[in-house]
Amino acid sequence: MDFMPSPAQDAIRAAISQLCADFDDEYWLAQDRAGTFPADFHRAMAEAGFLGIAMPEAVGGAGLGITEAALMMERIAASGAGMSGASAVHINIFGLHPVVVFGSAEQRARMLPPLIAGREKACFAVTEPDTGLNTLALKTRAERQGDSYVIHGQKIWISTAGVADRMLLLARTMPLDRVRRKTEGLSLFYTKLDRRFVEVRRIEKMGRHAVDSNMLFIDGLVIPEADRIGAEGEGFRAILHGMNPERILIAAEAVGLGRAALRRASAYANERVVFGRKIGQNQGIQHPLAQRWAELEAAFLMVLKAATLYDRGEECGAEANAAKYLAGEAGFHACETAVMTHGGMGYAQEYHVERYLRESLIPRLAPVSPQLALSFIAEKMLGLPKSY
C-alpha cells in the first residue's frame with residue numbers, strides 16, 4: 001500500500017504549480033472583482049495540454065486517470081486560484097466522460113478535440129429549478145421531430161454557460177408517467193449552445209465571480225440526432241459515469257483551497273507581532289491551524305482512495321461521496337480558521353483569505369449536499385433504510 005505519488009504524478013504536480021505561478025493571488029482577486037472569465041488561464045492550460053488529462057490519447061488527450069486529474073485540480077486550487085481557477089477547467093475533466101464511454105467513434109472524434117485544444121468551451125446543463133438533486137424528475141422536454149429533437153425547458157446553476165460554445169444537456173424524451181422505471185426516459189445530448197433559442201441569465205452570487213453561474217431558458221432549440229449520446233431514453237445511465245469523478249475532483253479542489261488558506265494563515269501568524277511576540281507562538285493560534293492541516297491531509301487520503309478505485313474500474317460511490325463530504329468540510333473550516341487567524345485583516349480583500357472563505361462554500365454545497373452524501377453512505381455502507 002503506497003500513498004506517495006509516482007515520479008510521473010509528481011511531474012504533473014510540479015508542472016501545474018509552475019504554470020499557476022504566472023497567475024498569482026492578485027490575478028485572481030482582479031478576476032473576482034471584475035467578474036470576468038479567466039480566458040488567459042484557460043488558454044494556458046490548453047496550450048500545456050492539461051485540458052485533456054483524462055481524455056483518450058486517440059482524440060488528443062493524455063489518457064491518464066482521475067487520480068492524475070485530482071492531483072492536478074488540487075494543485076490549481078492550492079496555488080491561490082481556488083474554485084475560480086478550478087471551475088474554469090473543471091468541466092473538461094469529468095463532464096464529457098459520458099461521451100468517452102457512450103459516444104460513437106465519430107462523436108468522440110468530432111466533439112472532444114476542440115474541447116481539449118481549448119477552441120471550444122462547454123457547460124454541464126442538468127440541474128433544474130424545481131428538481132434540484134432529484135435528477136429523475138427533470139422536466140425539460142426533448143420532442144422528436146424526424147431526425148432532430150426540439151427542446152423546451154429550464155436549467156439552473158449552470159457554470160460557464162456565459163462563455164460556453166456547447167452544452168451537455170439532459171432532457172426528457174419520454175414523459176415520466178409513461179416510463180417503466182424512473183431511470184428511463186431521459187436522453188443525453190452534447191450540442192451547440194445556440195443563443196437564439198437559449199437565454200443565458202447570469203446569477204449574481206456570493207463568490208467565484210470569475211466563473212459565471214446561470215439560469216438557462218430553452219425555447220425551441222433544435223438538436224440533431226447525431227448529437228445524442230448513447231441510446232434514446234438512457235441518458236441517466238450515461239450521466240452516472242460523470243458523477244463519481246465530479247465528486248472526487250470537487251473534493252480535491254476543496255483540499256487545495258484549504259491548503260492555500262493555511263499557507264497564507266501560517267505566513268501571517270509568523271509575521272504578525274502582538275504584545276511583543278508573534279501570534280503564531282500562541283497555542284490558541286497554533287492548534288486550530290494544526291487541526292485544519294490534519295483534517296485536510298485525512299480528506300485527501302480519501303480523495304486518492306476514491307480516485308484509485310475509480311481508475312481500477314471498481315465501485316467507488318461511497319468513497320467518492322465520503323471524499324466530497326470530508327474535503328468539503330475540511331476546506332471550509334481551513335478557510336474559516338485562516339480568516340480568524342488574520343483577525344480583522346482577514347475581512348480585507350487584499351489578504352485574500354476572505355475570497356477563499358466565500359469560495360469554500362461551493363464544494364461544501366455542490367454537486368451534492370453534505371446531508372445527501374451522508375444519506376448515501378448510511379444506505380450503501382451501513383445498510384440503513386433509504387431516506388430520500
# chains A, B, ... in the order shown; residues from 1 in each chain; ligands from 1
>>> closest_atom_pairs(of="region 48-131 of chain A", to="region 38-43 of chain A", cutoff="12 Å", atoms="only C-alpha atoms", output="tab-separated table")
residue	atom	partner	partner_atom	distance
A:Ala48	CA	A:Arg43	CA	8.6
A:Gly49	CA	A:Arg43	CA	9.9
A:Phe50	CA	A:His42	CA	9.7
A:Leu51	CA	A:His42	CA	8.5
A:Ile76	CA	A:Phe41	CA	10.6
A:Ala81	CA	A:Phe41	CA	9.9
A:Met83	CA	A:Pro38	CA	11.9
A:Ser84	CA	A:Pro38	CA	8.2
A:Gly85	CA	A:Pro38	CA	7.6
A:Ala86	CA	A:His42	CA	9.9
A:Ser87	CA	A:Pro38	CA	10.1
A:Ala88	CA	A:His42	CA	6.5
A:Val89	CA	A:His42	CA	6.7
A:His90	CA	A:His42	CA	10.5
A:Ile91	CA	A:His42	CA	11.7
A:Asn92	CA	A:His42	CA	10.7
A:Leu115	CA	A:His42	CA	11.0
A:Ile116	CA	A:Arg43	CA	10.5
A:Ala117	CA	A:Arg43	CA	8.7
A:Gly118	CA	A:Arg43	CA	6.4
A:Arg119	CA	A:Arg43	CA	8.9
A:Glu120	CA	A:Arg43	CA	10.6
A:Lys121	CA	A:His42	CA	9.5
>>> closest_atom_pairs(of="region 115-202 of chain A", to="region 211-223 of chain A", cutoff="10 Å", atoms="only C-alpha atoms", output="JSON lines")
{"residue": "A:Ala125", "atom": "CA", "partner": "A:Leu216", "partner_atom": "CA", "distance": 8.4}
{"residue": "A:Thr127", "atom": "CA", "partner": "A:Met215", "partner_atom": "CA", "distance": 9.7}
{"residue": "A:Glu128", "atom": "CA", "partner": "A:Met215", "partner_atom": "CA", "distance": 8.7}
{"residue": "A:Pro129", "atom": "CA", "partner": "A:Met215", "partner_atom": "CA", "distance": 8.6}
{"residue": "A:Thr140", "atom": "CA", "partner": "A:Ile218", "partner_atom": "CA", "distance": 8.5}
{"residue": "A:Arg141", "atom": "CA", "partner": "A:Ile218", "partner_atom": "CA", "distance": 9.7}
{"residue": "A:Ala142", "atom": "CA", "partner": "A:Ile223", "partner_atom": "CA", "distance": 8.8}
{"residue": "A:Glu143", "atom": "CA", "partner": "A:Val222", "partner_atom": "CA", "distance": 9.4}
{"residue": "A:Arg144", "atom": "CA", "partner": "A:Ile223", "partner_atom": "CA", "distance": 9.5}
{"residue": "A:Gln145", "atom": "CA", "partner": "A:Val222", "partner_atom": "CA", "distance": 9.2}
{"residue": "A:Asp147", "atom": "CA", "partner": "A:Ile223", "partner_atom": "CA", "distance": 8.9}
{"residue": "A:Ser148", "atom": "CA", "partner": "A:Ile223", "partner_atom": "CA", "distance": 5.5}
{"residue": "A:Tyr149", "atom": "CA", "partner": "A:Ile223", "partner_atom": "CA", "distance": 5.1}
{"residue": "A:Val150", "atom": "CA", "partner": "A:Val222", "partner_atom": "CA", "distance": 4.6}
{"residue": "A:Ile151", "atom": "CA", "partner": "A:Leu221", "partner_atom": "CA", "distance": 5.0}
{"residue": "A:His152", "atom": "CA", "partner": "A:Asp219", "partner_atom": "CA", "distance": 4.7}
{"residue": "A:Gly153", "atom": "CA", "partner": "A:Ile218", "partner_atom": "CA", "distance": 5.2}
{"residue": "A:Gln154", "atom": "CA", "partner": "A:Phe217", "partner_atom": "CA", "distance": 4.8}
{"residue": "A:Lys155", "atom": "CA", "partner": "A:Leu216", "partner_atom": "CA", "distance": 4.9}
{"residue": "A:Ile156", "atom": "CA", "partner": "A:Met215", "partner_atom": "CA", "distance": 4.3}
{"residue": "A:Trp157", "atom": "CA", "partner": "A:Asn214", "partner_atom": "CA", "distance": 5.2}
{"residue": "A:Ile158", "atom": "CA", "partner": "A:Asn214", "partner_atom": "CA", "distance": 5.0}
{"residue": "A:Ser159", "atom": "CA", "partner": "A:Ser213", "partner_atom": "CA", "distance": 4.3}
{"residue": "A:Thr160", "atom": "CA", "partner": "A:Asp212", "partner_atom": "CA", "distance": 5.2}
{"residue": "A:Ala161", "atom": "CA", "partner": "A:Asn214", "partner_atom": "CA", "distance": 6.5}
{"residue": "A:Gly162", "atom": "CA", "partner": "A:Asp212", "partner_atom": "CA", "distance": 6.4}
{"residue": "A:Val163", "atom": "CA", "partner": "A:Asp212", "partner_atom": "CA", "distance": 8.3}
{"residue": "A:Phe189", "atom": "CA", "partner": "A:Ile223", "partner_atom": "CA", "distance": 8.0}
{"residue": "A:Tyr190", "atom": "CA", "partner": "A:Ile223", "partner_atom": "CA", "distance": 8.8}
{"residue": "A:Thr191", "atom": "CA", "partner": "A:Ile223", "partner_atom": "CA", "distance": 6.7}
{"residue": "A:Lys192", "atom": "CA", "partner": "A:Ile223", "partner_atom": "CA", "distance": 8.1}
{"residue": "A:Leu193", "atom": "CA", "partner": "A:Leu221", "partner_atom": "CA", "distance": 8.7}
{"residue": "A:Asp194", "atom": "CA", "partner": "A:Leu221", "partner_atom": "CA", "distance": 7.3}
{"residue": "A:Arg195", "atom": "CA", "partner": "A:Leu221", "partner_atom": "CA", "distance": 9.0}
{"residue": "A:Arg196", "atom": "CA", "partner": "A:Leu221", "partner_atom": "CA", "distance": 8.2}
{"residue": "A:Phe197", "atom": "CA", "partner": "A:Leu221", "partner_atom": "CA", "distance": 5.2}
{"residue": "A:Val198", "atom": "CA", "partner": "A:Ile218", "partner_atom": "CA", "distance": 4.5}
{"residue": "A:Glu199", "atom": "CA", "partner": "A:Phe217", "partner_atom": "CA", "distance": 5.0}
{"residue": "A:Val200", "atom": "CA", "partner": "A:Leu216", "partner_atom": "CA", "distance": 4.9}
{"residue": "A:Arg201", "atom": "CA", "partner": "A:Met215", "partner_atom": "CA", "distance": 5.1}
{"residue": "A:Arg202", "atom": "CA", "partner": "A:Asn214", "partner_atom": "CA", "distance": 4.3}
>>> write_last_selection(atoms="N, CA and C atoms", output="CSV table (one decimal), in the first residue's frame")
chain,number,residue,atom,x,y,z
A,125,ALA,N,-25.4,21.1,-18.4
A,125,ALA,CA,-26.8,21.5,-18.2
A,125,ALA,C,-27.7,20.4,-17.8
A,127,THR,N,-29.1,20.3,-13.9
A,127,THR,CA,-29.9,20.8,-12.8
A,127,THR,C,-31.0,21.7,-13.2
A,128,GLU,N,-32.2,21.5,-12.6
A,128,GLU,CA,-33.4,22.4,-12.9
A,128,GLU,C,-33.9,23.0,-11.7
A,129,PRO,N,-34.7,24.1,-11.8
A,129,PRO,CA,-35.1,24.9,-10.7
A,129,PRO,C,-36.0,24.1,-9.7
A,140,THR,N,-37.4,19.3,-18.4
A,140,THR,CA,-37.0,19.8,-19.7
A,140,THR,C,-37.3,18.7,-20.8
A,141,ARG,N,-38.1,19.1,-21.8
A,141,ARG,CA,-38.6,18.2,-22.8
A,141,ARG,C,-37.7,18.2,-24.1
A,142,ALA,N,-37.5,17.0,-24.6
A,142,ALA,CA,-36.9,16.9,-26.0
A,142,ALA,C,-37.9,16.1,-26.8
A,143,GLU,N,-38.5,16.8,-27.7
A,143,GLU,CA,-39.6,16.2,-28.6
A,143,GLU,C,-39.0,15.8,-29.9
A,144,ARG,N,-39.2,14.6,-30.3
A,144,ARG,CA,-38.6,14.0,-31.5
A,144,ARG,C,-39.4,14.6,-32.7
A,145,GLN,N,-38.7,15.1,-33.7
A,145,GLN,CA,-39.2,15.6,-34.9
A,145,GLN,C,-38.3,15.1,-36.1
A,147,ASP,N,-35.4,13.6,-37.7
A,147,ASP,CA,-34.0,13.2,-37.3
A,147,ASP,C,-33.5,14.2,-36.3
A,148,SER,N,-34.4,15.0,-35.7
A,148,SER,CA,-33.9,16.0,-34.7
A,148,SER,C,-34.8,16.0,-33.5
A,149,TYR,N,-34.4,16.8,-32.5
A,149,TYR,CA,-35.2,16.9,-31.3
A,149,TYR,C,-35.4,18.4,-31.0
A,150,VAL,N,-36.6,18.8,-30.6
A,150,VAL,CA,-36.8,20.2,-30.2
A,150,VAL,C,-36.9,20.3,-28.7
A,151,ILE,N,-36.1,21.2,-28.1
A,151,ILE,CA,-36.0,21.3,-26.7
A,151,ILE,C,-36.7,22.5,-26.1
A,152,HIS,N,-37.4,22.2,-25.0
A,152,HIS,CA,-38.1,23.3,-24.2
A,152,HIS,C,-37.9,23.0,-22.7
A,153,GLY,N,-37.5,24.0,-22.0
A,153,GLY,CA,-37.3,23.8,-20.5
A,153,GLY,C,-36.4,24.8,-19.9
A,154,GLN,N,-36.0,24.6,-18.7
A,154,GLN,CA,-35.2,25.5,-17.9
A,154,GLN,C,-34.1,24.7,-17.2
A,155,LYS,N,-32.9,25.3,-17.0
A,155,LYS,CA,-31.8,24.8,-16.2
A,155,LYS,C,-31.3,25.8,-15.3
A,156,ILE,N,-30.7,25.4,-14.2
A,156,ILE,CA,-30.2,26.4,-13.2
A,156,ILE,C,-28.9,26.0,-12.6
A,157,TRP,N,-28.1,27.0,-12.2
A,157,TRP,CA,-26.8,26.8,-11.6
A,157,TRP,C,-25.9,26.1,-12.7
A,158,ILE,N,-25.9,26.6,-13.9
A,158,ILE,CA,-25.1,26.1,-15.0
A,158,ILE,C,-23.9,27.0,-15.1
A,159,SER,N,-22.7,26.4,-14.7
A,159,SER,CA,-21.5,27.2,-14.7
A,159,SER,C,-20.9,27.3,-16.1
A,160,THR,N,-20.3,28.4,-16.4
A,160,THR,CA,-19.6,28.7,-17.6
A,160,THR,C,-20.6,28.9,-18.8
A,161,ALA,N,-21.9,28.8,-18.6
A,161,ALA,CA,-22.8,29.0,-19.8
A,161,ALA,C,-22.6,30.3,-20.5
A,162,GLY,N,-22.2,31.3,-19.7
A,162,GLY,CA,-22.0,32.6,-20.3
A,162,GLY,C,-20.9,32.7,-21.3
A,163,VAL,N,-19.9,31.7,-21.3
A,163,VAL,CA,-18.8,31.7,-22.2
A,163,VAL,C,-18.8,30.5,-23.1
A,189,PHE,N,-27.5,14.8,-24.6
A,189,PHE,CA,-27.1,15.4,-25.8
A,189,PHE,C,-25.8,16.3,-25.5
A,190,TYR,N,-25.0,16.3,-26.5
A,190,TYR,CA,-23.9,17.3,-26.5
A,190,TYR,C,-24.0,18.1,-27.8
A,191,THR,N,-24.3,19.3,-27.6
A,191,THR,CA,-24.7,20.1,-28.8
A,191,THR,C,-24.3,21.6,-28.7
A,192,LYS,N,-24.5,22.3,-29.7
A,192,LYS,CA,-24.2,23.7,-29.8
A,192,LYS,C,-25.2,24.5,-28.9
A,193,LEU,N,-24.6,25.4,-28.1
A,193,LEU,CA,-25.4,26.3,-27.3
A,193,LEU,C,-25.8,27.5,-28.2
A,194,ASP,N,-26.9,27.4,-28.9
A,194,ASP,CA,-27.4,28.4,-29.8
A,194,ASP,C,-28.2,29.4,-29.1
A,195,ARG,N,-27.6,30.6,-28.9
A,195,ARG,CA,-28.2,31.6,-28.1
A,195,ARG,C,-29.5,32.3,-28.7
A,196,ARG,N,-29.8,31.9,-29.9
A,196,ARG,CA,-31.1,32.4,-30.5
A,196,ARG,C,-32.3,31.7,-29.8
A,197,PHE,N,-32.0,30.5,-29.2
A,197,PHE,CA,-33.1,29.7,-28.6
A,197,PHE,C,-32.8,29.4,-27.1
A,198,VAL,N,-31.6,29.8,-26.7
A,198,VAL,CA,-31.3,29.6,-25.3
A,198,VAL,C,-30.9,31.0,-24.6
A,199,GLU,N,-31.7,31.4,-23.7
A,199,GLU,CA,-31.4,32.6,-23.0
A,199,GLU,C,-30.6,32.3,-21.8
A,200,VAL,N,-29.4,32.9,-21.7
A,200,VAL,CA,-28.5,32.6,-20.5
A,200,VAL,C,-28.6,33.8,-19.6
A,201,ARG,N,-29.1,33.6,-18.4
A,201,ARG,CA,-29.3,34.7,-17.4
A,201,ARG,C,-28.4,34.5,-16.2
A,202,ARG,N,-27.4,35.4,-16.1
A,202,ARG,CA,-26.4,35.2,-15.0
A,202,ARG,C,-27.0,35.3,-13.6
>>> residues_around(residues="Ala238 (chain A)", least_positions_apart="3", cutoff="7 Å", atoms="only C-alpha atoms", output="ChimeraX atom specification")
/A:98,102,234-235,241
>>> residues_around(residues="Ile362 (chain A)", least_positions_apart="4", cutoff="12 Å", atoms="only C-alpha atoms", output="PyMOL selection string")
chain A and resi 82-84+86-87+157+159+205-209+213+250-251+253-254+257+324-325+327-329+331-332+355-358+366-370
>>> select_by_dssp(residues="region 128-342 of chain A", states="helix (DSSP H, G or I)", output="ChimeraX atom specification")
/A:135-137,176-178,225-227,235-271,279-281,283-311,317-342
>>> closest_residue(among="A:Ala373, A:Met4, A:Ala210, A:Leu249", to="Asp32 (chain A)", atoms="only C-alpha atoms")
A:Ala210
>>> residues_around(residues="Val255 (chain A)", least_positions_apart="6", cutoff="10 Å", atoms="only C-alpha atoms", output="JSON, numbers by chain")
{"A": [73, 74, 75, 77, 78, 82, 249, 261, 293, 295, 296, 297, 298, 299, 300, 303, 323, 324, 326, 327, 328, 329, 330, 331, 332, 334, 360, 363]}
>>> select_by_dssp(residues="region 46-245 of chain A", states="strand (DSSP E)", output="VMD selection string")
chain A and resid 122 to 125 141 to 145 148 to 156 166 to 172 186 to 192 198 to 202 214 to 224 228 to 229
>>> residues_around(residues="Met174 (chain A)", least_positions_apart="4", cutoff="7 Å", atoms="only C-alpha atoms", output="list in words")
Arg178, Val179, Gly185 and Leu186 of chain A
>>> write_last_selection(atoms="N, CA and C atoms", output="mmCIF file, in the first residue's frame")
data_model
loop_
_atom_site.group_PDB
_atom_site.id
_atom_site.type_symbol
_atom_site.label_atom_id
_atom_site.label_comp_id
_atom_site.auth_asym_id
_atom_site.auth_seq_id
_atom_site.Cartn_x
_atom_site.Cartn_y
_atom_site.Cartn_z
ATOM 1 N N ARG A 178 -45.003 7.637 -18.287
ATOM 2 C CA ARG A 178 -45.053 6.567 -19.296
ATOM 3 C C ARG A 178 -43.873 5.615 -19.220
ATOM 4 N N VAL A 179 -42.925 5.862 -18.357
ATOM 5 C CA VAL A 179 -41.748 5.001 -18.282
ATOM 6 C C VAL A 179 -42.004 3.816 -17.357
ATOM 7 N N GLY A 185 -36.238 7.162 -19.887
ATOM 8 C CA GLY A 185 -36.943 8.308 -20.459
ATOM 9 C C GLY A 185 -36.151 9.589 -20.547
ATOM 10 N N LEU A 186 -34.911 9.593 -20.028
ATOM 11 C CA LEU A 186 -34.051 10.766 -20.138
ATOM 12 C C LEU A 186 -32.980 10.498 -21.185
#
>>> residues_around(residues="Glu184 (chain A)", least_positions_apart="5", cutoff="12 Å", atoms="only C-alpha atoms", output="number ranges by chain")
A: 135-138, 171-179, 231-238
>>> atom_distance(atom1="CA of Ala164 (chain A)", atom2="CA of Ser79 (chain A)")
24.9 Å
>>> decode(residues="region 3-101 of chain A", atoms="C-alpha atoms", output="PDB file, in the first residue's frame")
ATOM      1  CA  PHE A   3       0.247   6.634  -0.522  1.00  0.00           C
ATOM      2  CA  MET A   4       3.036   8.512  -2.275  1.00  0.00           C
ATOM      3  CA  PRO A   5       2.628   9.893  -5.817  1.00  0.00           C
ATOM      4  CA  SER A   6       4.722   8.311  -8.548  1.00  0.00           C
ATOM      5  CA  PRO A   7       7.519  10.275 -10.257  1.00  0.00           C
ATOM      6  CA  ALA A   8       5.184  10.870 -13.221  1.00  0.00           C
ATOM      7  CA  GLN A   9       2.465  12.176 -10.904  1.00  0.00           C
ATOM      8  CA  ASP A  10       4.978  14.396  -9.118  1.00  0.00           C
ATOM      9  CA  ALA A  11       5.976  15.791 -12.510  1.00  0.00           C
ATOM     10  CA  ILE A  12       2.340  16.683 -13.235  1.00  0.00           C
ATOM     11  CA  ARG A  13       2.017  18.470  -9.901  1.00  0.00           C
ATOM     12  CA  ALA A  14       5.256  20.383 -10.481  1.00  0.00           C
ATOM     13  CA  ALA A  15       4.232  21.406 -13.998  1.00  0.00           C
ATOM     14  CA  ILE A  16       0.840  22.654 -12.796  1.00  0.00           C
ATOM     15  CA  SER A  17       2.444  24.603  -9.960  1.00  0.00           C
ATOM     16  CA  GLN A  18       4.844  26.220 -12.413  1.00  0.00           C
ATOM     17  CA  LEU A  19       2.040  27.157 -14.798  1.00  0.00           C
ATOM     18  CA  CYS A  20      -0.090  28.568 -11.965  1.00  0.00           C
ATOM     19  CA  ALA A  21       2.809  30.702 -10.738  1.00  0.00           C
ATOM     20  CA  ASP A  22       2.058  33.035 -13.649  1.00  0.00           C
ATOM     21  CA  PHE A  23      -1.455  33.542 -12.234  1.00  0.00           C
ATOM     22  CA  ASP A  24      -0.968  34.722  -8.669  1.00  0.00           C
ATOM     23  CA  ASP A  25      -3.414  35.824  -5.974  1.00  0.00           C
ATOM     24  CA  GLU A  26      -3.520  39.348  -7.339  1.00  0.00           C
ATOM     25  CA  TYR A  27      -4.588  38.000 -10.728  1.00  0.00           C
ATOM     26  CA  TRP A  28      -7.436  36.016  -9.166  1.00  0.00           C
ATOM     27  CA  LEU A  29      -8.502  38.911  -6.975  1.00  0.00           C
ATOM     28  CA  ALA A  30      -8.721  41.108 -10.082  1.00  0.00           C
ATOM     29  CA  GLN A  31     -10.761  38.450 -11.920  1.00  0.00           C
ATOM     30  CA  ASP A  32     -13.057  38.105  -8.941  1.00  0.00           C
ATOM     31  CA  ARG A  33     -13.615  41.856  -8.721  1.00  0.00           C
ATOM     32  CA  ALA A  34     -14.248  42.217 -12.445  1.00  0.00           C
ATOM     33  CA  GLY A  35     -16.360  39.073 -12.712  1.00  0.00           C
ATOM     34  CA  THR A  36     -14.651  38.082 -15.954  1.00  0.00           C
ATOM     35  CA  PHE A  37     -13.807  34.560 -17.099  1.00  0.00           C
ATOM     36  CA  PRO A  38     -10.058  33.774 -16.806  1.00  0.00           C
ATOM     37  CA  ALA A  39      -9.633  33.174 -20.525  1.00  0.00           C
ATOM     38  CA  ASP A  40      -5.842  33.522 -20.456  1.00  0.00           C
ATOM     39  CA  PHE A  41      -5.557  30.902 -17.702  1.00  0.00           C
ATOM     40  CA  HIS A  42      -7.861  28.578 -19.652  1.00  0.00           C
ATOM     41  CA  ARG A  43      -5.716  29.172 -22.756  1.00  0.00           C
ATOM     42  CA  ALA A  44      -2.502  28.431 -20.872  1.00  0.00           C
ATOM     43  CA  MET A  45      -3.938  25.153 -19.583  1.00  0.00           C
ATOM     44  CA  ALA A  46      -4.984  24.179 -23.123  1.00  0.00           C
ATOM     45  CA  GLU A  47      -1.598  25.059 -24.624  1.00  0.00           C
ATOM     46  CA  ALA A  48       0.148  22.983 -21.969  1.00  0.00           C
ATOM     47  CA  GLY A  49      -2.056  20.002 -22.832  1.00  0.00           C
ATOM     48  CA  PHE A  50      -3.775  19.737 -19.461  1.00  0.00           C
ATOM     49  CA  LEU A  51      -7.398  20.170 -20.566  1.00  0.00           C
ATOM     50  CA  GLY A  52      -7.370  16.612 -21.874  1.00  0.00           C
ATOM     51  CA  ILE A  53      -5.540  14.990 -18.968  1.00  0.00           C
ATOM     52  CA  ALA A  54      -8.172  12.259 -18.555  1.00  0.00           C
ATOM     53  CA  MET A  55      -9.292  12.109 -22.205  1.00  0.00           C
ATOM     54  CA  PRO A  56      -8.247   9.285 -24.578  1.00  0.00           C
ATOM     55  CA  GLU A  57      -4.986   9.694 -26.458  1.00  0.00           C
ATOM     56  CA  ALA A  58      -6.806   8.868 -29.698  1.00  0.00           C
ATOM     57  CA  VAL A  59      -8.567  12.250 -29.592  1.00  0.00           C
ATOM     58  CA  GLY A  60      -5.617  14.284 -28.360  1.00  0.00           C
ATOM     59  CA  GLY A  61      -5.848  13.684 -24.618  1.00  0.00           C
ATOM     60  CA  ALA A  62      -3.202  12.416 -22.234  1.00  0.00           C
ATOM     61  CA  GLY A  63      -5.027   9.173 -21.486  1.00  0.00           C
ATOM     62  CA  LEU A  64      -4.398   9.425 -17.744  1.00  0.00           C
ATOM     63  CA  GLY A  65      -6.756   8.699 -14.873  1.00  0.00           C
ATOM     64  CA  ILE A  66      -8.928  10.542 -12.408  1.00  0.00           C
ATOM     65  CA  THR A  67      -6.085  10.172  -9.890  1.00  0.00           C
ATOM     66  CA  GLU A  68      -3.821  12.359 -12.025  1.00  0.00           C
ATOM     67  CA  ALA A  69      -6.708  14.736 -12.689  1.00  0.00           C
ATOM     68  CA  ALA A  70      -7.375  15.037  -8.947  1.00  0.00           C
ATOM     69  CA  LEU A  71      -3.713  15.801  -8.288  1.00  0.00           C
ATOM     70  CA  MET A  72      -3.862  18.477 -10.968  1.00  0.00           C
ATOM     71  CA  MET A  73      -7.041  20.090  -9.646  1.00  0.00           C
ATOM     72  CA  GLU A  74      -5.697  20.132  -6.088  1.00  0.00           C
ATOM     73  CA  ARG A  75      -2.593  21.987  -7.291  1.00  0.00           C
ATOM     74  CA  ILE A  76      -4.649  24.534  -9.235  1.00  0.00           C
ATOM     75  CA  ALA A  77      -6.796  25.374  -6.210  1.00  0.00           C
ATOM     76  CA  ALA A  78      -3.803  25.314  -3.822  1.00  0.00           C
ATOM     77  CA  SER A  79      -1.953  27.861  -5.966  1.00  0.00           C
ATOM     78  CA  GLY A  80      -4.430  30.502  -4.822  1.00  0.00           C
ATOM     79  CA  ALA A  81      -6.622  30.113  -7.896  1.00  0.00           C
ATOM     80  CA  GLY A  82      -9.152  28.413  -5.643  1.00  0.00           C
ATOM     81  CA  MET A  83     -12.514  27.465  -7.076  1.00  0.00           C
ATOM     82  CA  SER A  84     -12.271  30.198  -9.720  1.00  0.00           C
ATOM     83  CA  GLY A  85      -9.275  28.546 -11.351  1.00  0.00           C
ATOM     84  CA  ALA A  86     -10.554  25.026 -10.804  1.00  0.00           C
ATOM     85  CA  SER A  87     -14.039  25.761 -12.156  1.00  0.00           C
ATOM     86  CA  ALA A  88     -12.579  27.338 -15.291  1.00  0.00           C
ATOM     87  CA  VAL A  89     -11.339  23.904 -16.419  1.00  0.00           C
ATOM     88  CA  HIS A  90     -13.402  21.536 -14.264  1.00  0.00           C
ATOM     89  CA  ILE A  91     -15.936  20.599 -16.959  1.00  0.00           C
ATOM     90  CA  ASN A  92     -13.157  19.332 -19.241  1.00  0.00           C
ATOM     91  CA  ILE A  93     -12.095  16.665 -16.772  1.00  0.00           C
ATOM     92  CA  PHE A  94     -15.358  14.942 -15.842  1.00  0.00           C
ATOM     93  CA  GLY A  95     -18.144  16.498 -17.890  1.00  0.00           C
ATOM     94  CA  LEU A  96     -17.536  14.844 -21.228  1.00  0.00           C
ATOM     95  CA  HIS A  97     -16.754  11.415 -19.795  1.00  0.00           C
ATOM     96  CA  PRO A  98     -20.177  10.140 -20.934  1.00  0.00           C
ATOM     97  CA  VAL A  99     -19.086  10.965 -24.495  1.00  0.00           C
ATOM     98  CA  VAL A 100     -15.917   8.924 -23.963  1.00  0.00           C
ATOM     99  CA  VAL A 101     -17.888   5.937 -22.646  1.00  0.00           C
TER     100      VAL A 101
END
